[in-house]
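Asker: This is the structure I have questions about; it appears just below.
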Amino acid sequence: MTMHRRVFMKSGALALVTMGLNPSFLRRSVFATELRRTAKGKILICVFQRGAADGLNMIVPHGEGAYYGLRPNIAIPRPLRGNAATAIDLDGFFGLHPSLSALKPLWDRGLLAPVHAVGSPSSTRSHFDAQDYMESGTPDVKSTPDGWLNRYLATRGTCAECAAPSAFRAVALSQTMPRMLQGPAPTIAMSSLNDFTVRATGSSAERLEALYRTGSADLIHGSGKETFDAVKMLKSANPQRYAPSYGAEYPRSQYGQSLRQIAQLIKADVGLEVAFADVGGWDTHVNQGAVNGQLANRLDDFSRGLSALVTDLGDRMDDVVILTMSEFGRMARQNGNGGTDHGHAGALFVIGGSVRGHKVHGRWPGLAPEQLYEGRDLAMTTDFRSVFGELITGHLGASTTEGIFPKFQRGERLGVL
């Protein structure tokens with residue numbers, strides 16, 4: 001591998017764009033002792049469905065008659081035993097889209113906790129703004145400089161006892177640093193694990209070289225020498241092919257491979273605490289489809305990736321929670337193009353060994369005309385910050401979310417944990 005000692009800095013975080021990582025080699029690095037100290041902690045994996053996923057066709061309210069009136073051509077048929085082209089019943093009222101069949105075993109095992117009618121209090125229907133608000137954790141406030149996950153990391157959370165958290169404590173498997181992880185706490189963005197490159201431009205190269213030689217940490221907030229020692233060692237390593245455990249088969253999509261590499265990092269015990277991946281293609285204005293079609297194809301890839309990740313991690317899921325999210329839902333009524341327009345509330349999944357699974361969480365608002373938000377959308381009954389905050393305190397162990405979600409007063413506990 002060719003190593004370019006160039007660094008890209010944004011919001012005080014070190015963005016490492018990687019294309020190859022040998023976890024067994026990392027364990028032998030100069031900071032292996034510290035990694036072992038943090039490796040057994042809790043881990044949160046966030047998966048962002050960019051484009052506004054249709055929560056009403058993901059978690060189907062088949063017990064709601066109005067659902068079928070609003071969507072005569074794209075509604076998912078009521079569950080019918082022996083018929084795979086119908087909703088997969090969960091509790092007699094809600095069901096999964098049939099393309100989410102890979103998640104049904106997780107429901108049966110109590111690992112899957114869907115949350116319906118969840119979203120942002122912001123009324124925006126802009127993808128850009130809604131994603132920004134969900135990642136910053138401050139709806140309708142565009143001036144927030146950092147993301148809610150970075151603010152959590154800055155509080156040190158479960159790593160409060162660590163003298164120096166792992167350089168790989170927070171990793172995004174994405175081309176750029178997601179808004180959620182931007183901020184003063186060190187984070188890493190990796191495009192893949194087939195190479196390892198530190199990028200920057202101009203005079204940054206010389207400064208980085210000086211930092212590497214002297215161990216100075218003014219630019220990279222204390223993680224410099226350890227990180228670049230690891231880079232130097234990884235340069236000469238021969239990455240080994242990763243074999244998922246227990247017969248797990250990840251989709252070959254970029255999203256599926258990102259989840260595969262997150263599992264690789266977790267099992268490498270590199271001190272990972274927060275991981276991020278995203279998947280696009282959810283903006284289904286035209287030809288959304290019902291049991292088959294555009295949305296069904298996205299959901300198949302989405303669910304098979306999550307199922308493979310859970311299978312691959314095995315018993316480690318006792319310490320892992322997977323959180324999915326999307327910036328908003330879709331309009332309750334189908335449009336004239338066989339699709340759905342931008343809506344308000346949607347749905348998400350929480351998956352893990354510690355969750356209160358086998359239950360659809362959140363208060364269902366109904367789909368009657370007088371129950372719709374602005375007369376057109378599923379109404380929000382659960383603020384996304386309630387779900388995120390419950391995971392930060394109940395799973396990651398933060399004592400409070402006051403500084404993580406400023407000015408947000410959480411109501412009654414949702415109970416996903």
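How things are named: the first chain in the structure tokens is A, the next is B, and so on; residues count from 1 in each chain; ligands count from 1 in the order shown.
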Which residues are near stretch 320-333 of chain A? Cut-off 8 Å, only C-alpha atoms, ignore same chain within fewer than 3 positions. Put them as number ranges by chain.
Answerer: A: 42-56, 67, 70-71, 119-120, 125, 127, 130-131, 134, 316-317, 340-355, 367, 376-378, 395
Asker: From the set A:Leu173, A:Ile188, A:Ala275, A:Leu299, which residue has the shortest atom-to-atom contact distance to A:Gln257, counting only C-alpha atoms?
Answerer: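 Using only C-alpha atoms, the shortest distance to A:Gln257 belongs to A:Leu173.
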Asker: Write out as a VMD selection string each polymer residue whose atoms come within 9 Å of A:Arg363, counting only C-alpha atoms; drop sequence neighbours fewer than 3 positions from it.
Answerer: chain A and resid 115 to 117 380 to 382
Asker: I need the chosen residues saved as a PDB file, in the first residue's frame, with C-alpha atoms.
Answerer:
```pdb
ATOM      1  CA  VAL A 115     -40.923   2.609  17.071  1.00  0.00           C
ATOM      2  CA  HIS A 116     -43.786   4.137  15.065  1.00  0.00           C
ATOM      3  CA  ALA A 117     -45.020   7.715  14.666  1.00  0.00           C
ATOM      4  CA  MET A 380     -45.584  12.594  15.415  1.00  0.00           C
ATOM      5  CA  THR A 381     -46.198  11.240  18.921  1.00  0.00           C
ATOM      6  CA  THR A 382     -42.563  10.426  19.821  1.00  0.00           C
TER       7      THR A 382
END
```
Asker: List every residue of stretch 259-366 of chain A that DSSP, applied to the backbone of this structure, assigns to strand (DSSP E or B), and report them as a JSON list (two decimals) with C-alpha atoms, in the first residue's frame.
Answerer:
```json
[["chain", "number", "residue", "atom", "x", "y", "z"],
["A", 274, "VAL", "CA", -19.93, 4.38, 18.20],
["A", 275, "ALA", "CA", -20.28, 3.35, 14.55],
["A", 276, "PHE", "CA", -22.19, 4.96, 11.70],
["A", 277, "ALA", "CA", -23.35, 3.88, 8.25],
["A", 278, "ASP", "CA", -25.92, 5.28, 5.87],
["A", 279, "VAL", "CA", -27.93, 4.06, 2.92],
["A", 320, "VAL", "CA", -24.54, -3.76, 20.99],
["A", 321, "VAL", "CA", -27.58, -1.70, 20.02],
["A", 322, "ILE", "CA", -28.39, -0.85, 16.40],
["A", 323, "LEU", "CA", -30.46, 2.30, 15.82],
["A", 324, "THR", "CA", -31.98, 3.08, 12.41],
["A", 325, "MET", "CA", -33.39, 6.48, 11.48],
["A", 330, "ARG", "CA", -43.88, 9.99, 3.67],
["A", 331, "MET", "CA", -47.30, 11.50, 3.03],
["A", 342, "HIS", "CA", -42.55, 14.19, 1.77],
["A", 346, "GLY", "CA", -42.06, 7.92, 10.27],
["A", 347, "ALA", "CA", -40.70, 4.78, 11.88],
["A", 348, "LEU", "CA", -37.40, 3.39, 13.10],
["A", 349, "PHE", "CA", -35.91, 0.20, 14.52],
["A", 350, "VAL", "CA", -33.93, -0.44, 17.69],
["A", 351, "ILE", "CA", -32.17, -3.81, 17.71],
["A", 352, "GLY", "CA", -30.09, -5.42, 20.44],
["A", 361, "HIS", "CA", -43.26, 1.19, 20.74]]
```
Asker: Leaving out A:Gly289 and any residue of its chain fewer than 4 positions from it, which residues lie within 6 Å of it when counting only C-alpha atoms, given as a ChimeraX atom specification?
Answerer: /A:74,293-294
Asker: Go through stretch 268-372 of chain A and flag each residue having an atom no more than 7 Å from stretch 82-102 of chain A; for those, report the closest pair of atoms plus their distance in Å to one decimal, using only C-alpha atoms, ordered by chain and rising number, as CSV.
Answerer:
```
residue,atom,partner,partner_atom,distance
A:Val291,CA,A:Ala85,CA,6.1
A:Ala296,CA,A:Ser99,CA,5.6
A:Leu299,CA,A:Ser99,CA,5.7
A:Asp300,CA,A:Ser99,CA,4.8
A:Ser303,CA,A:Leu100,CA,5.4
A:Arg304,CA,A:Ala102,CA,5.7
A:Ser307,CA,A:Ala102,CA,6.0
```
Asker: Nearest to A:Ser253 among A:Leu181, A:His285, A:Ala290, A:Phe302, with distances taken over only C-alpha atoms: which residue is it?
Answerer: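 Distance minimum relative to A:Ser253 lands on A:Phe302.
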Asker: Could you go through stretch 296-390 of chain A and tell me which residues DSSP, when run on the backbone, assigns to helix (DSSP H, G or I), listing them as a ChimeraX atom specification?
Answerer: /A:296-319,369-371,384-390
Asker: What does the structure give for the distance between atom CA of A:Arg410 and atom CA of A:Asn150, in Å to one decimal?
Answerer: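 Rounded to one decimal, the two atoms are 19.8 Å apart.
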Asker: Quick check, in Å to one decimal: how far apart do atom CA of A:Asn297 and atom CA of A:Leu112 lie?
Answerer: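 Distance reported for this atom pair: 20.9 Å.
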Asker: Please report the interatomic distance between atom CA of A:Pro178 and atom CA of A:Thr144 in Å with one decimal.
Answerer: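 So the two atoms, atom CA of A:Pro178 and atom CA of A:Thr144, lie 14.2 Å apart.
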Asker: Which neighbours of A:Ser143 fall inside 12 Å, counting only C-alpha atoms, when residues of the same chain fewer than 5 positions from it are skipped, and could you give them as a ChimeraX atom specification?
Answerer: /A:129,132-133,136-138
Asker: Would you save the residues of that selection, restricted to N, CA and C atoms, as a short mmCIF file (atom, residue, chain, number, x, y, z; two decimals), in the first residue's frame?
Answerer:
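Wrote it out as part.cif, contents follow:
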```
data_model
loop_
_atom_site.label_atom_id
_atom_site.label_comp_id
_atom_site.auth_asym_id
_atom_site.auth_seq_id
_atom_site.Cartn_x
_atom_site.Cartn_y
_atom_site.Cartn_z
N ASP A 129 -32.53 20.11 5.41
CA ASP A 129 -32.76 20.67 6.74
C ASP A 129 -33.14 19.59 7.74
N ASP A 132 -30.17 17.59 8.73
CA ASP A 132 -29.32 18.42 9.59
C ASP A 132 -29.87 18.48 11.02
N TYR A 133 -31.19 18.65 11.15
CA TYR A 133 -31.79 18.74 12.48
C TYR A 133 -31.68 17.41 13.22
N SER A 136 -27.88 17.02 14.11
CA SER A 136 -27.42 17.96 15.13
C SER A 136 -28.17 17.76 16.43
N GLY A 137 -29.37 17.20 16.35
CA GLY A 137 -30.19 17.00 17.55
C GLY A 137 -30.87 18.27 18.02
N THR A 138 -30.94 19.28 17.14
CA THR A 138 -31.55 20.56 17.50
C THR A 138 -32.51 21.00 16.41
#
```
Asker: Measuring between only C-alpha atoms, which one of A:Thr400, A:Ser258, A:Asn73, A:Thr124 shows the shortest distance to A:Gln175?
Answerer: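 Counting only C-alpha atoms, the residue closest to A:Gln175 is A:Ser258.
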